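The structure file query-v2.txt is reproduced below (compact mmCIF, C-alpha atoms).
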# COMPACT_ATOMS: atom_id res chain seq x y z
CA MET A 177 -42.00 268.87 250.22
CA ALA A 178 -39.34 266.19 249.74
CA VAL A 179 -39.44 262.74 248.17
CA ILE A 180 -38.13 259.42 249.46
CA ASP A 181 -35.67 258.28 246.84
CA GLY A 182 -34.31 255.25 248.70
CA HIS A 183 -35.29 253.11 251.65
CA GLY A 184 -33.68 250.22 253.49
CA GLY A 185 -33.48 248.34 256.75
CA TYR A 186 -31.31 246.01 258.75
CA VAL A 187 -32.22 243.30 261.26
CA PRO A 188 -29.57 241.24 263.10
CA LEU A 189 -29.33 237.56 262.18
CA TYR A 190 -29.75 236.21 265.70
CA ARG A 191 -33.21 235.90 267.27
CA VAL A 192 -34.42 234.73 270.64
CA ASP A 193 -37.78 233.02 271.05
CA ARG A 194 -39.79 235.07 273.51
CA SER A 195 -41.34 231.94 274.96
CA ASP A 196 -37.83 230.83 276.01
CA VAL A 197 -37.27 234.16 277.74
CA ALA A 198 -40.68 234.14 279.39
CA ALA A 199 -40.09 230.59 280.65
CA GLN A 200 -37.23 231.91 282.79
CA HIS A 201 -39.77 234.03 284.64
CA GLY A 202 -42.65 231.58 284.75
CA GLY A 203 -44.63 233.38 282.06
CA ARG A 204 -45.55 233.01 278.39
CA GLY A 205 -44.41 234.77 275.26
CA ARG A 206 -45.04 234.84 271.53
CA GLY A 207 -42.89 235.84 268.60
CA GLU A 208 -39.16 236.51 268.55
CA SER A 209 -36.78 239.39 269.21
CA ALA A 210 -33.66 240.36 267.28
CA VAL A 211 -30.35 239.99 269.11
CA PRO A 212 -27.25 241.88 267.88
CA ALA A 213 -24.04 239.91 267.53
CA ARG A 214 -21.11 240.84 269.75
CA ASP A 215 -19.51 242.87 266.94
CA GLU A 216 -22.68 244.77 266.05
CA ASN A 217 -23.49 248.19 267.46
CA HIS A 218 -25.53 251.27 266.65
CA VAL A 219 -23.11 252.56 264.02
CA THR A 220 -22.59 249.27 262.18
CA MET A 221 -26.32 248.54 262.00
CA ALA A 222 -27.15 252.10 260.95
CA CYS A 223 -24.60 251.85 258.14
CA GLU A 224 -26.10 248.57 256.89
CA ALA A 225 -29.58 250.11 256.66
CA ALA A 226 -28.18 253.29 255.10
CA ALA A 227 -26.27 251.29 252.48
CA ASN A 228 -29.49 249.56 251.43
CA ALA A 229 -31.31 252.89 251.20
CA LEU A 230 -28.52 254.47 249.17
CA ALA A 231 -28.38 251.47 246.82
CA ARG A 232 -32.02 252.17 245.93
CA SER A 233 -31.49 255.90 245.51
CA GLY A 234 -30.20 257.87 242.57
CA ILE A 235 -27.35 259.55 244.43
CA GLU A 236 -23.86 258.62 245.53
CA ARG A 237 -22.83 258.62 249.18
CA GLN A 238 -20.56 261.64 248.81
CA GLU A 239 -23.52 263.69 247.53
CA LEU A 240 -25.26 263.57 250.91
CA GLU A 241 -25.31 266.95 252.62
CA ALA A 242 -27.03 265.91 255.85
CA VAL A 243 -27.16 262.78 258.00
CA LEU A 244 -29.70 262.59 260.83
CA THR A 245 -30.09 259.72 263.26
CA ALA A 246 -32.84 258.81 265.72
CA SER A 247 -32.28 256.54 268.72
CA VAL A 248 -33.51 256.00 272.26
CA SER A 249 -30.70 253.63 273.23
CA ASP A 250 -27.47 255.37 272.22
CA PRO A 251 -25.21 254.28 275.10
CA PHE A 252 -23.10 257.44 275.05
CA ALA A 253 -24.02 260.75 276.64
CA GLU A 254 -21.33 262.44 274.51
CA HIS A 255 -20.38 260.61 271.34
CA GLY A 256 -23.10 260.69 268.72
CA ILE A 257 -24.12 258.29 265.97
CA ALA A 258 -24.72 260.57 262.97
CA PRO A 259 -21.14 261.84 262.44
CA HIS A 260 -19.74 258.32 262.61
CA VAL A 261 -22.33 257.04 260.15
CA ALA A 262 -21.55 259.93 257.80
CA TYR A 263 -17.82 259.21 258.04
CA ARG A 264 -18.17 255.48 257.42
CA LEU A 265 -20.41 256.12 254.42
CA GLY A 266 -17.94 258.59 252.96
CA ALA A 267 -20.23 261.59 253.39
CA THR A 268 -17.57 263.90 254.78
CA GLY A 269 -16.75 267.58 254.54
CA ASP A 270 -19.51 270.18 254.76
CA VAL A 271 -22.17 267.70 255.90
CA ARG A 272 -24.69 268.53 258.60
CA THR A 273 -25.08 265.81 261.23
CA GLU A 274 -27.78 265.62 263.90
CA ASP A 275 -28.53 263.08 266.61
CA LEU A 276 -32.10 263.06 267.90
CA ARG A 277 -32.82 261.16 271.11
CA GLY A 278 -34.98 260.96 274.20
CA SER A 279 -38.24 259.73 272.67
CA ARG A 280 -39.51 257.38 269.99
CA ARG A 281 -40.89 260.45 268.28
CA ALA A 282 -37.25 261.23 267.48
CA ALA A 283 -37.89 259.23 264.29
CA THR A 284 -40.63 261.55 263.04
CA ASP A 285 -38.71 264.58 264.32
CA ALA A 286 -35.75 263.45 262.20
CA LEU A 287 -37.96 263.04 259.13
CA ALA A 288 -39.46 266.49 259.66
CA SER A 289 -36.05 268.11 260.17
CA ALA A 290 -34.62 266.38 257.12
CA GLN A 291 -37.56 267.47 255.00
CA GLU A 292 -36.97 271.07 256.06
CA PHE A 293 -33.26 270.76 255.30
CA VAL A 294 -33.94 269.34 251.84
CA ALA A 295 -36.43 272.09 251.02
CA ALA A 296 -34.18 274.88 252.31
CA ASN A 297 -30.93 273.67 250.76
CA ASP A 298 -32.13 271.83 247.65
CA ALA A 299 -29.86 268.98 248.73
CA PRO A 300 -30.24 265.29 249.70
CA ALA A 301 -30.33 264.04 253.27
CA LEU A 302 -30.15 260.64 254.95
CA VAL A 303 -32.34 259.73 257.92
CA VAL A 304 -31.47 256.64 259.96
CA GLY A 305 -33.16 255.14 263.00
CA VAL A 306 -31.16 252.60 265.02
CA ASP A 307 -31.64 251.00 268.42
CA VAL A 308 -30.51 248.15 270.64
CA LEU A 309 -32.91 248.01 273.56
CA PRO A 310 -31.26 246.95 276.85
CA ALA A 311 -32.39 243.67 278.39
CA ASP A 312 -32.73 243.53 282.17
CA PRO A 313 -33.49 240.00 283.50
CA GLU A 314 -35.66 241.56 286.19
CA ALA A 315 -37.72 243.69 283.80
CA ASP A 316 -41.16 242.73 282.52
CA ASP A 317 -40.27 243.62 278.94
CA VAL A 318 -36.98 241.71 278.74
CA ALA A 319 -38.42 239.28 276.16
CA GLU A 320 -39.30 242.09 273.74
CA ALA A 321 -35.95 243.91 273.84
CA GLY A 322 -35.11 244.03 270.14
CA ALA A 323 -32.65 245.65 267.77
CA GLY A 324 -32.63 246.97 264.22
CA ALA A 325 -32.19 249.91 261.91
CA GLY A 326 -34.10 251.64 259.13
CA ALA A 327 -33.13 254.41 256.72
CA VAL A 328 -34.52 256.66 254.00
CA VAL A 329 -32.88 259.05 251.54
CA LEU A 330 -34.75 262.34 251.05
CA ARG A 331 -34.28 264.55 247.98
CA PRO A 332 -36.01 267.62 246.53
CA ASP A 333 -37.12 265.47 243.58
CA ALA A 334 -36.24 262.21 241.82
CA GLU A 335 -36.97 260.52 238.51
CA SER A 336 -38.67 257.53 240.15
CA PRO A 337 -39.18 258.17 243.89
CA ALA A 338 -40.64 255.68 246.31
CA ALA A 339 -42.90 258.27 247.93
CA GLU A 340 -43.52 261.96 248.46
CA LEU A 341 -43.81 263.45 251.93
CA THR A 342 -47.09 265.34 251.95
CA GLY A 343 -47.51 266.49 255.53
CA VAL A 344 -46.01 266.63 259.01
CA GLY A 345 -47.83 266.96 262.32
CA GLU A 346 -46.72 267.28 265.94
CA ALA A 347 -48.46 267.29 269.29
CA THR A 348 -46.46 267.95 272.44
CA THR A 349 -48.19 267.11 275.71
CA GLY A 350 -45.41 266.96 278.25
CA PHE A 351 -46.95 263.70 279.46
CA VAL A 352 -44.27 261.23 280.62
CA GLU A 353 -45.16 257.78 281.96
CA HIS A 354 -42.92 255.32 280.11
CA HIS A 355 -39.27 256.35 280.62
CA ARG A 356 -35.78 254.89 280.82
CA ARG A 357 -32.35 255.82 282.16
CA HIS A 358 -29.11 255.14 280.27
CA GLY A 359 -28.27 251.43 280.25
CA GLU A 360 -31.35 250.44 282.24
CA ALA A 361 -34.63 248.80 281.39
CA ALA A 362 -37.67 251.01 280.90
CA GLU A 363 -40.10 251.91 283.64
CA SER A 364 -43.79 252.18 282.79
CA GLY A 365 -46.81 253.31 284.72
CA ASP A 366 -50.47 252.54 284.15
CA ALA A 367 -50.78 251.49 280.50
CA LYS A 368 -54.51 252.24 280.41
CA PHE A 369 -53.98 255.71 281.87
CA GLU A 370 -51.24 256.46 279.35
CA SER A 371 -53.38 255.19 276.46
CA GLN A 372 -56.00 257.74 277.43
CA HIS A 373 -53.96 260.75 278.54
CA GLY A 374 -50.70 260.18 276.69
CA VAL A 375 -51.31 258.51 273.33
CA GLY A 376 -54.99 259.42 273.27
CA GLU A 377 -54.29 263.15 273.60
CA ALA A 378 -51.16 263.35 271.46
CA ALA A 379 -51.56 261.03 268.47
CA PRO A 380 -54.94 262.15 267.00
CA PRO A 381 -54.04 265.86 266.57
CA ALA A 382 -50.60 265.00 265.18
CA ILE A 383 -52.18 262.62 262.66
CA GLU A 384 -54.88 265.12 261.70
CA ARG A 385 -52.29 267.83 261.02
CA ALA A 386 -50.15 265.51 258.93
CA LEU A 387 -53.00 264.11 256.83
CA ASP A 388 -54.82 267.41 256.31
CA GLY A 389 -57.96 265.61 255.13
CA ALA A 390 -56.28 262.72 253.26
CA GLU A 391 -57.36 259.14 254.00
CA PRO A 392 -54.51 256.68 254.53
CA THR A 393 -54.62 253.00 253.62
CA LYS A 394 -51.42 251.87 255.39
CA ALA A 395 -49.70 253.03 258.55
CA VAL A 396 -46.68 252.48 260.74
CA ALA A 397 -47.18 253.15 264.44
CA VAL A 398 -44.35 253.14 266.96
CA ALA A 399 -44.89 253.26 270.72
CA PRO A 400 -43.49 251.61 273.86
CA ASN A 401 -45.88 248.66 273.47
CA ASP A 402 -48.49 247.19 271.15
CA ARG A 403 -51.36 248.63 273.15
CA HIS A 404 -50.09 252.18 272.75
CA ALA A 405 -49.36 251.62 269.05
CA GLY A 406 -52.93 250.47 268.55
CA ALA A 407 -54.23 253.46 270.51
CA ALA A 408 -52.23 255.80 268.27
CA LEU A 409 -54.17 254.55 265.24
CA SER A 410 -57.57 254.22 266.93
CA ASP A 411 -59.04 257.17 264.99
CA VAL A 412 -58.01 255.98 261.51
CA GLU A 413 -58.94 252.82 259.61
CA VAL A 414 -55.71 251.54 258.10
CA GLU A 415 -53.65 248.42 257.57
CA GLN A 416 -50.85 248.54 260.14
CA VAL A 417 -47.43 247.39 258.96
CA SER A 418 -45.19 246.18 261.77
CA THR A 419 -42.10 244.03 262.24
CA ARG A 420 -42.47 243.84 266.02
CA ASP A 421 -43.43 240.13 266.06
CA ARG A 422 -40.17 239.28 264.29
CA VAL A 423 -37.85 241.98 265.65
CA GLY A 424 -39.18 242.91 269.07
CA ASP A 425 -39.16 246.45 270.41
CA ALA A 426 -36.74 248.35 268.18
CA GLY A 427 -37.34 251.73 269.83
CA ALA A 428 -37.21 254.76 267.53
CA ALA A 429 -35.63 252.59 264.81
CA ALA A 430 -38.92 250.74 264.36
CA ALA A 431 -40.57 253.70 262.61
CA LEU A 432 -38.00 253.78 259.81
CA LEU A 433 -37.55 250.00 259.66
CA ASP A 434 -41.32 249.51 259.33
CA LEU A 435 -41.53 252.38 256.82
CA ALA A 436 -38.92 250.68 254.63
CA HIS A 437 -40.79 247.38 254.96
CA MET A 438 -44.06 249.06 254.03
CA LEU A 439 -42.58 250.71 250.94
CA GLU A 440 -41.30 247.34 249.70
CA SER A 441 -44.85 246.11 249.15
CA ALA A 442 -46.98 249.26 248.81
CA ASP A 443 -48.96 249.99 245.68
CA VAL A 444 -48.45 253.18 243.72
CA GLY A 445 -50.71 256.06 244.78
CA GLU A 446 -51.39 254.92 248.34
CA THR A 447 -51.59 257.44 251.16
CA ALA A 448 -49.55 256.17 254.09
CA LEU A 449 -48.82 257.35 257.60
CA VAL A 450 -45.92 257.12 260.04
CA VAL A 451 -46.79 257.80 263.68
CA ALA A 452 -44.35 257.80 266.59
CA TYR A 453 -45.42 258.24 270.19
CA GLY A 454 -43.01 258.68 273.07
CA ALA A 455 -42.26 260.72 276.14
CA GLY A 456 -43.66 264.20 275.61
CA GLY A 457 -46.00 263.67 272.70
CA ALA A 458 -46.40 262.30 269.20
CA GLY A 459 -45.22 263.02 265.69
CA ALA A 460 -46.81 262.02 262.38
CA VAL A 461 -45.65 262.09 258.77
CA ALA A 462 -47.97 261.56 255.81
CA LEU A 463 -46.76 260.39 252.43
CA GLU A 464 -48.03 259.25 249.05
CA THR A 465 -46.37 256.28 247.41
CA ALA A 466 -45.00 256.66 243.89
CA ASP A 467 -43.66 254.35 241.18
CA GLY A 468 -40.34 253.69 242.90
CA VAL A 469 -41.85 251.40 245.55
CA GLY A 470 -40.87 247.78 245.62
CA THR A 471 -37.52 248.25 243.88
CA ALA A 472 -35.21 245.28 244.35
CA ASP A 473 -31.75 246.84 243.98
CA ALA A 474 -30.84 246.21 247.62
CA LYS A 475 -31.43 243.66 250.34
CA SER A 476 -35.02 243.91 251.55
CA VAL A 477 -36.34 244.01 255.10
CA ALA A 478 -38.32 240.86 254.29
CA THR A 479 -35.05 239.07 253.47
CA TYR A 480 -33.59 240.00 256.84
CA LEU A 481 -36.75 238.86 258.60
CA ASP A 482 -36.71 235.48 256.88
CA ALA A 483 -32.97 234.87 257.39
CA SER A 484 -32.63 234.19 261.10
CA GLU A 485 -30.71 231.98 263.48
CA GLN A 486 -32.02 231.11 266.91
CA THR A 487 -29.89 231.93 269.94
CA THR A 488 -30.29 231.33 273.66
CA TYR A 489 -31.71 233.40 276.47
CA ALA A 490 -28.21 233.70 277.94
CA LYS A 491 -26.81 235.11 274.69
CA HIS A 492 -29.79 237.44 274.46
CA LEU A 493 -28.59 239.02 277.71
CA GLU A 494 -24.85 238.74 277.06
CA TYR A 495 -24.89 240.45 273.66
CA ARG A 496 -26.61 243.47 275.16
CA GLU A 497 -24.06 244.05 277.90
CA PRO A 498 -22.41 247.45 277.35
CA VAL A 499 -18.94 247.28 275.85
CA GLU A 500 -16.51 249.56 277.70
CA TYR A 501 -15.28 252.35 275.45
CA GLU A 502 -11.49 252.44 275.36
CA GLY A 503 -10.99 255.37 273.02
CA VAL A 504 -8.31 255.54 270.33
CA LYS A 505 -5.23 253.49 271.06
CA THR A 506 -1.78 254.48 269.89
CA PRO A 507 0.91 251.94 268.93
Rewrite the structure of this file - the entire thing - as structure tokens.
Amino acid sequence: MAVIDGHGGYVPLYRVDRSDVAAQHGGRGRGESAVPARDENHVTMACEAAANALARSGIERQELEAVLTASVSDPFAEHGIAPHVAYRLGATGDVRTEDLRGSRRAATDALASAQEFVAANDAPALVVGVDVLPADPEADDVAEAGAGAGAVVLRPDAESPAAELTGVGEATTGFVEHHRRHGEAAESGDAKFESQHGVGEAAPPAIERALDGAEPTKAVAVAPNDRHAGAALSDVEVEQVSTRDRVGDAGAAAALLDLAHMLESADVGETALVVAYGAGGAGAVALETADGVGTADAKSVATYLDASEQTTYAKHLEYREPVEYEGVKTP
């Protein structure tokens, strides 16, 4: 298996109070959601999280041989995030890049693919999750549209790793209820029905395969809403680590952001779990924390969470408006 040699996250400075958003629709809301500034996008946020992960690792940027990204909100059909992140980090040349999309389980798929790459090539890889969920004023979930990024560096071994990946599990059901088109808000069906036939049928076998008999004490669960995240962990007794109350719905990025946050405070020797449920099934990754947890060589997720500036409902919508791509301009 591979070890996590560095972990990091990024959360935009601006936040919107969900009660302010809900008030526009005559409802109520709790918590806050992260709002990207006008000059922040998927690549810039991914690079911030990656820089924090690399600062905690024992490798230099140019030593990376693979960069994988996971996102459910990449605005481009043809463009990609991974190659641009690799270029900006200075990981150029013979570097494999992969963009995984289409489901929140893209985060666990990216971890599994990176682990296989590390094992097969005896080389380090970077995994980044990044998302900016679109906010539609007419959508029920507009208040929870969040943004953020999380990253981990995987290596074959390390002198003082944060954790070791011990198992991976998948369960593909083909069940699709919650879904979203490019640039639009998500559409969801019956949450209770999906909890039973979507999450309920996909998460338990994926978790069982990943744990292989181990008993976790902490877990990260990512799903379209809190109810589905809770359903994903219904068969295991664990402490759930989540930034959703402070960040909002960060899509596939939430799995890696929450994982980084969990590793900042985990004790050595804990069995932990990352579960991601999305359209088509669930993925799970088990890991055991080591003596590299809690290192303070980079900006922590907790620091980003505590450093916030309130913005308005109008800015919450404005900052998420797609920026028209103009390509490369010549003088």
(request) Can you work out which one of A:Val412, A:Ala466, A:Ala490, A:Val396 has the shortest atom-to-atom distance to Leu435 in chain A, counting only C-alpha atoms? (result) A:Val396
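The space separating CA of Ala474 in chain A from CA of Val423 in chain A comes to 19.8 Å.
With distances taken over all atoms listed in the file, A:Gly322 is the one residue among A:Gly322, A:Pro251, A:Pro300, A:Pro310 lying closest to Arg422 in chain A.
Note that CA of Glu415 in chain A and CA of Gly445 in chain A are 15.2 Å apart.
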(request) Pick out the residues sitting within 12 Å of range 258-269 of chain A, and hand them over as an NGL selection string; count all atoms listed in the file, and ignore anything fewer than 2 positions along from it in its own chain. (result) :A and (217-231 or 235-247 or 250 or 255-256 or 271-277 or 286 or 300-306 or 327)
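For the residues A:Ala338, A:Ala288, A:Ala362, A:Val344, ranking by smallest atom-to-atom distance to Asn401 in chain A using only C-alpha atoms places A:Ala362 first.
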With 12 Å as the cut-off and all atoms listed in the file counted, what is the closest atom pair between each nearby residue of range 220-292 of chain A and range 376-394 of chain A? Distances in Å to one decimal, ordered by chain and number, as CSV.
residue,atom,partner,partner_atom,distance
A:Arg281,CA,A:Ala379,CA,10.7
A:Thr284,CA,A:Ala382,CA,10.8
A:Asp285,CA,A:Ala382,CA,11.9
A:Ala288,CA,A:Ala386,CA,10.8
(request) Just give me the gap between CA of Ala361 in chain A and CA of Glu208 in chain A in Å, one decimal is fine. (result) 18.3 Å
(message) as a PyMOL selection string, please: the residues near Gly454 in chain A (cut-off 9 Å, all atoms listed in the file, same-chain neighbours under 6 positions excluded).
(response) chain A and resi 278-282+352+354-355+374-375+398-400+428
(message) Neighbouring residues of Ser195 in chain A were defined as those with any atom within 10 Å, considering all atoms listed in the file; residues of the same chain fewer than 2 positions away were excluded. Please report them as a list in words.
(response) Val192, Asp193, Val197, Ala198, Ala199, Gln200, Gly202, Gly203, Arg204, Gly205, Arg206, Gly207, Glu208, Ala319 and Tyr489 of chain A
Store the residues of this selection in a file with C-alpha atoms, as a CSV table (one decimal), keeping the file's coordinate frame.
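What follows is the written file result.csv:
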chain,number,residue,atom,x,y,z
A,192,VAL,CA,-34.4,234.7,270.6
A,193,ASP,CA,-37.8,233.0,271.0
A,197,VAL,CA,-37.3,234.2,277.7
A,198,ALA,CA,-40.7,234.1,279.4
A,199,ALA,CA,-40.1,230.6,280.6
A,200,GLN,CA,-37.2,231.9,282.8
A,202,GLY,CA,-42.6,231.6,284.8
A,203,GLY,CA,-44.6,233.4,282.1
A,204,ARG,CA,-45.6,233.0,278.4
A,205,GLY,CA,-44.4,234.8,275.3
A,206,ARG,CA,-45.0,234.8,271.5
A,207,GLY,CA,-42.9,235.8,268.6
A,208,GLU,CA,-39.2,236.5,268.6
A,319,ALA,CA,-38.4,239.3,276.2
A,489,TYR,CA,-31.7,233.4,276.5
(request) Scan for residues within 12 Å of the point (-36.3, 241.9, 254.9) in the coordinates of the file, using all atoms listed in the file, and reply as JSON, numbers by chain. (result) {"A": [183, 184, 185, 186, 187, 188, 189, 225, 228, 324, 325, 326, 419, 422, 423, 433, 434, 435, 436, 437, 438, 439, 440, 441, 470, 472, 474, 475, 476, 477, 478, 479, 480, 481, 482, 483, 484]}
